[in-house]
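One structure below.
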Amino acid sequence: MNYRRFGKTGWQVSEIGFGAWQIGASWGDVSEADAVAALNAAIDGGLNFIDTADVYGDGRSERIIASVLKHRKEDIRVVSKAGRRLPAQAPEGYTRENLTGWIERTLKNLEIDTLDLVQLHCPHPTVYYRPEVFGYLDDLVTAGKIRHYGVSVERVEEAVKAVEYPGVASVQIIFNIFRQRPAERFFALAKEKDVAILARVPLASGLLTGKLNSASQFSADDHRNFNRHGEAFDVGETFAGVPFEVGLEAVDALRPLVPGGATMAQFALRWILMFDAVSVVIPGARNAAQAAGNVAASALAALSPDVMTRVADIYARLIKPHVHQRW
């Protein structure tokens, strides 16, 4: 496993982290036993960074993480997110009382006294224009409830606005072969501000594993079924906002670029790691085999300039018209 500096925090984190949405909810049935096995396999592979949220299974993800870490001796950074417990996304909901309550609940779920980092969880865009919200987070740092804070965003413009606040230590943003705009519009600024970048939805909800096809079926409680058109939350969270059949066509175009001995998923993760502004990429895993496969992507050789150019061409030809200006 290779490690990278996590922005102004100074942490050294595994460049492959663990995205814990799948072990919480909205990805079909993932048993607690499989979730625990996935986390242990990832940590065994050198992973030391886990990203979760208070709404993943209404705290289930956080509680499973706590159950695993109490038996591990490694120094693992755990970050969570807050804000989606609001019944509706309104900027007025980001009060001192609500933020404190959400974080207190996360601390209880994780069985800790101080959270390494909390991220505002894709808040209403006008929250970024309310400096008092970031002041509340500063006060939670002073109170010892959190060590650092950041934001998880839907759009590049939100990331650009967020890093105007000096206390913002990280930005979590969708970045993958199908969502390349952050590299064009945000990465240089993040490096200038010494802000860590968490690359989320790195496998485009499974499209970039290469295992899906036009006959693939998803259970009723899987967001790839119920949020296909943005019915429950931003459509960009599901298949990275790419129409499913278009994504399958692009994956077929990418297959010849996958190096021998590697999976499509590992190739997709290695592509993200070619960008040094990225601090950590956070794929999810439903079981130990998937977790071990994700971790192994760190050992892949760098992709050649020719391969990077060919990926860019596939993106420009098939994907860019659907997503580039939208997020």
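Lettering and numbering for the structure tokens are positional, with chains as A, B, ... in the shown order, residues counted from 1 in each chain, and ligands counted from 1 in the shown order.
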* To do: Write out as a PyMOL selection string the residues lying within 12 Å of segment 129-142 of chain A, counting only C-alpha atoms and excluding same-chain residues fewer than 2 positions away.
  => chain A and resi 82-83+91-104+114-120+123-127+144-151+158+160-169
* Excluding Asp306 of chain A and any residue of its chain fewer than 5 positions from it, enumerate the residues within 10 Å of it, using only C-alpha atoms, and give them as a ChimeraX atom specification. => /A:257,311-312
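Pairwise distance (atom CA of Val78 of chain A, atom CA of Thr52 of chain A) equals 7.7 Å.
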* To do: Could you tell me, as a ChimeraX atom specification, which residues of segment 96-248 of chain A DSSP assigns to helix (DSSP H, G or I) when given the backbone?
  => /A:96-110,125-129,131-142,156-162,181-185,187-193,204-209,223-226,235-237,239-241,244-248
* Looking at only C-alpha atoms, which of A:Ile174, A:Leu248, A:Leu189, A:Ile65 is the one that sits closest to Pro283 of chain A? -> A:Ile174
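Separating atom CA of Arg270 of chain A from atom CA of Trp21 of chain A is a distance of 21.1 Å.
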* Shell of 9 Å around Arg85 of chain A, only C-alpha atoms, local chain residues under 5 positions omitted, as number ranges by chain -> A: 54-55, 58, 102
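Using only C-alpha atoms, the smallest distance between any of A:Ser170, A:Asn2, A:Gln180, A:Thr263 and Gly210 of chain A comes from A:Thr263.
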Give me the residues within 10 Å of Ala35 of chain A as a PDB file with N, CA and C atoms, in the first residue's frame, counting only C-alpha atoms and dropping any in the same chain fewer than 2 places off.
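Result went into part.pdb, see below:
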ATOM      1  N   ALA A  20     -17.752   3.419   3.109  1.00  0.00           N
ATOM      2  CA  ALA A  20     -18.604   2.527   3.892  1.00  0.00           C
ATOM      3  C   ALA A  20     -20.098   2.711   3.658  1.00  0.00           C
ATOM      4  N   GLN A  22     -21.791   1.151   1.252  1.00  0.00           N
ATOM      5  CA  GLN A  22     -22.336  -0.153   0.898  1.00  0.00           C
ATOM      6  C   GLN A  22     -22.649  -1.016   2.111  1.00  0.00           C
ATOM      7  N   ILE A  23     -21.875  -0.872   3.187  1.00  0.00           N
ATOM      8  CA  ILE A  23     -22.125  -1.704   4.363  1.00  0.00           C
ATOM      9  C   ILE A  23     -23.177  -1.091   5.281  1.00  0.00           C
ATOM     10  N   GLY A  24     -23.728   0.047   4.861  1.00  0.00           N
ATOM     11  CA  GLY A  24     -24.788   0.680   5.639  1.00  0.00           C
ATOM     12  C   GLY A  24     -26.147   0.401   5.051  1.00  0.00           C
ATOM     13  N   VAL A  30     -26.389  -6.441   2.389  1.00  0.00           N
ATOM     14  CA  VAL A  30     -25.008  -6.752   2.746  1.00  0.00           C
ATOM     15  C   VAL A  30     -25.036  -7.178   4.211  1.00  0.00           C
ATOM     16  N   SER A  31     -24.718  -8.440   4.475  1.00  0.00           N
ATOM     17  CA  SER A  31     -24.793  -8.942   5.840  1.00  0.00           C
ATOM     18  C   SER A  31     -23.727  -8.298   6.709  1.00  0.00           C
ATOM     19  N   GLU A  32     -23.972  -8.278   8.016  1.00  0.00           N
ATOM     20  CA  GLU A  32     -22.973  -7.734   8.924  1.00  0.00           C
ATOM     21  C   GLU A  32     -21.685  -8.538   8.875  1.00  0.00           C
ATOM     22  N   ALA A  33     -21.805  -9.856   8.707  1.00  0.00           N
ATOM     23  CA  ALA A  33     -20.614 -10.702   8.623  1.00  0.00           C
ATOM     24  C   ALA A  33     -19.769 -10.332   7.409  1.00  0.00           C
ATOM     25  N   ALA A  37     -16.022  -8.668   7.438  1.00  0.00           N
ATOM     26  CA  ALA A  37     -14.944  -9.324   6.684  1.00  0.00           C
ATOM     27  C   ALA A  37     -14.311  -8.363   5.684  1.00  0.00           C
ATOM     28  N   ALA A  38     -15.130  -7.526   5.053  1.00  0.00           N
ATOM     29  CA  ALA A  38     -14.608  -6.562   4.086  1.00  0.00           C
ATOM     30  C   ALA A  38     -13.683  -5.554   4.770  1.00  0.00           C
ATOM     31  N   LEU A  39     -14.108  -5.020   5.903  1.00  0.00           N
ATOM     32  CA  LEU A  39     -13.281  -4.057   6.627  1.00  0.00           C
ATOM     33  C   LEU A  39     -11.964  -4.690   7.084  1.00  0.00           C
ATOM     34  N   ASN A  40     -12.031  -5.885   7.611  1.00  0.00           N
ATOM     35  CA  ASN A  40     -10.805  -6.547   8.077  1.00  0.00           C
ATOM     36  C   ASN A  40      -9.862  -6.844   6.919  1.00  0.00           C
ATOM     37  N   ALA A  41     -10.404  -7.265   5.789  1.00  0.00           N
ATOM     38  CA  ALA A  41      -9.551  -7.550   4.629  1.00  0.00           C
ATOM     39  C   ALA A  41      -8.855  -6.284   4.147  1.00  0.00           C
ATOM     40  N   SER A  61     -23.653   1.635   9.446  1.00  0.00           N
ATOM     41  CA  SER A  61     -22.280   1.634   8.956  1.00  0.00           C
ATOM     42  C   SER A  61     -21.306   2.037  10.065  1.00  0.00           C
ATOM     43  N   ILE A  64     -20.955  -0.764  12.698  1.00  0.00           N
ATOM     44  CA  ILE A  64     -20.152  -1.903  12.233  1.00  0.00           C
ATOM     45  C   ILE A  64     -18.670  -1.549  12.260  1.00  0.00           C
ATOM     46  N   ILE A  65     -18.346  -0.337  11.847  1.00  0.00           N
ATOM     47  CA  ILE A  65     -16.947   0.115  11.891  1.00  0.00           C
ATOM     48  C   ILE A  65     -16.420   0.055  13.322  1.00  0.00           C
ATOM     49  N   VAL A  68     -15.530  -3.414  14.458  1.00  0.00           N
ATOM     50  CA  VAL A  68     -14.283  -3.934  13.876  1.00  0.00           C
ATOM     51  C   VAL A  68     -13.071  -3.287  14.537  1.00  0.00           C
ATOM     52  N   ALA A 285     -17.069  -1.755  -0.776  1.00  0.00           N
ATOM     53  CA  ALA A 285     -16.902  -3.201  -0.939  1.00  0.00           C
ATOM     54  C   ALA A 285     -18.014  -3.899  -0.178  1.00  0.00           C
ATOM     55  N   ARG A 286     -18.576  -4.937  -0.793  1.00  0.00           N
ATOM     56  CA  ARG A 286     -19.647  -5.713  -0.173  1.00  0.00           C
ATOM     57  C   ARG A 286     -19.126  -6.945   0.547  1.00  0.00           C
ATOM     58  N   ASN A 287     -17.867  -7.314   0.297  1.00  0.00           N
ATOM     59  CA  ASN A 287     -17.316  -8.527   0.891  1.00  0.00           C
ATOM     60  C   ASN A 287     -15.801  -8.433   0.910  1.00  0.00           C
ATOM     61  N   ALA A 288     -15.152  -9.437   1.504  1.00  0.00           N
ATOM     62  CA  ALA A 288     -13.696  -9.408   1.663  1.00  0.00           C
ATOM     63  C   ALA A 288     -12.969  -9.439   0.332  1.00  0.00           C
ATOM     64  N   ALA A 291     -12.954  -6.005  -1.217  1.00  0.00           N
ATOM     65  CA  ALA A 291     -12.078  -5.113  -0.458  1.00  0.00           C
ATOM     66  C   ALA A 291     -10.612  -5.391  -0.766  1.00  0.00           C
TER      67      ALA A 291
END
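Atom pair atom CA of Val156 of chain A / atom CA of Ala316 of chain A has a distance of 18.2 Å (rounded to one decimal).
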Need to verify the contact set: segment 219-234 of chain A, 10 Å, only C-alpha atoms, exclusion of same-chain residues closer than 4 positions in sequence. Can you return it as a PDB file with N, CA and C atoms, in the first residue's frame?
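Final file, out-v1.pdb:
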ATOM      1  N   GLN A  22     -21.791   1.151   1.252  1.00  0.00           N
ATOM      2  CA  GLN A  22     -22.336  -0.153   0.898  1.00  0.00           C
ATOM      3  C   GLN A  22     -22.649  -1.016   2.111  1.00  0.00           C
ATOM      4  N   ALA A  25     -26.374   0.837   3.813  1.00  0.00           N
ATOM      5  CA  ALA A  25     -27.687   0.688   3.196  1.00  0.00           C
ATOM      6  C   ALA A  25     -27.618   1.103   1.734  1.00  0.00           C
ATOM      7  N   SER A  26     -28.718   0.906   1.035  1.00  0.00           N
ATOM      8  CA  SER A  26     -28.960   1.396  -0.332  1.00  0.00           C
ATOM      9  C   SER A  26     -28.146   0.689  -1.407  1.00  0.00           C
ATOM     10  N   TRP A  27     -27.606  -0.481  -1.074  1.00  0.00           N
ATOM     11  CA  TRP A  27     -26.874  -1.286  -2.061  1.00  0.00           C
ATOM     12  C   TRP A  27     -27.362  -2.728  -2.051  1.00  0.00           C
ATOM     13  N   GLY A  28     -28.639  -2.936  -1.715  1.00  0.00           N
ATOM     14  CA  GLY A  28     -29.110  -4.290  -1.553  1.00  0.00           C
ATOM     15  C   GLY A  28     -28.640  -4.843  -0.209  1.00  0.00           C
ATOM     16  N   ASP A  29     -28.835  -6.121  -0.010  1.00  0.00           N
ATOM     17  CA  ASP A  29     -28.514  -6.735   1.271  1.00  0.00           C
ATOM     18  C   ASP A  29     -27.020  -7.020   1.388  1.00  0.00           C
ATOM     19  N   CYS A 122     -23.046  16.921   1.466  1.00  0.00           N
ATOM     20  CA  CYS A 122     -23.723  17.462   0.278  1.00  0.00           C
ATOM     21  C   CYS A 122     -24.875  18.392   0.674  1.00  0.00           C
ATOM     22  N   GLU A 154     -21.531  18.006  -4.416  1.00  0.00           N
ATOM     23  CA  GLU A 154     -22.037  17.461  -5.672  1.00  0.00           C
ATOM     24  C   GLU A 154     -21.342  18.108  -6.869  1.00  0.00           C
ATOM     25  N   SER A 205     -20.678   3.498  -9.364  1.00  0.00           N
ATOM     26  CA  SER A 205     -21.721   2.591  -8.863  1.00  0.00           C
ATOM     27  C   SER A 205     -21.644   1.195  -9.474  1.00  0.00           C
ATOM     28  N   GLY A 206     -20.435   0.770  -9.779  1.00  0.00           N
ATOM     29  CA  GLY A 206     -20.231  -0.571 -10.301  1.00  0.00           C
ATOM     30  C   GLY A 206     -20.054  -0.641 -11.799  1.00  0.00           C
ATOM     31  N   THR A 238     -25.627   8.079  -8.696  1.00  0.00           N
ATOM     32  CA  THR A 238     -25.947   6.767  -9.256  1.00  0.00           C
ATOM     33  C   THR A 238     -25.370   6.665 -10.665  1.00  0.00           C
ATOM     34  N   PHE A 239     -24.446   5.724 -10.836  1.00  0.00           N
ATOM     35  CA  PHE A 239     -23.724   5.562 -12.110  1.00  0.00           C
ATOM     36  C   PHE A 239     -23.042   6.863 -12.534  1.00  0.00           C
ATOM     37  N   ALA A 240     -22.689   7.683 -11.545  1.00  0.00           N
ATOM     38  CA  ALA A 240     -22.013   8.960 -11.774  1.00  0.00           C
ATOM     39  C   ALA A 240     -22.816   9.890 -12.681  1.00  0.00           C
ATOM     40  N   GLY A 241     -24.125   9.629 -12.786  1.00  0.00           N
ATOM     41  CA  GLY A 241     -24.976  10.460 -13.615  1.00  0.00           C
ATOM     42  C   GLY A 241     -24.985  10.082 -15.079  1.00  0.00           C
ATOM     43  N   VAL A 242     -24.272   9.022 -15.438  1.00  0.00           N
ATOM     44  CA  VAL A 242     -24.182   8.581 -16.834  1.00  0.00           C
ATOM     45  C   VAL A 242     -25.349   7.654 -17.153  1.00  0.00           C
ATOM     46  N   PRO A 243     -26.058   7.853 -18.257  1.00  0.00           N
ATOM     47  CA  PRO A 243     -27.098   6.897 -18.644  1.00  0.00           C
ATOM     48  C   PRO A 243     -26.510   5.486 -18.708  1.00  0.00           C
ATOM     49  N   PHE A 244     -27.234   4.521 -18.164  1.00  0.00           N
ATOM     50  CA  PHE A 244     -26.690   3.181 -17.974  1.00  0.00           C
ATOM     51  C   PHE A 244     -26.154   2.568 -19.266  1.00  0.00           C
TER      52      PHE A 244
END
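The smallest atom-to-atom distance between Arg60 of chain A and any of A:Arg72, A:Gln89, A:Ala42, A:Asn109, using only C-alpha atoms, is found for A:Asn109.
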* Can you check which residues of segment 61-273 of chain A DSSP gives as strand (DSSP E) on the backbone and send them as a VMD selection string? => chain A and resid 77 to 82 115 to 121 146 to 152 168 to 174 196 to 200
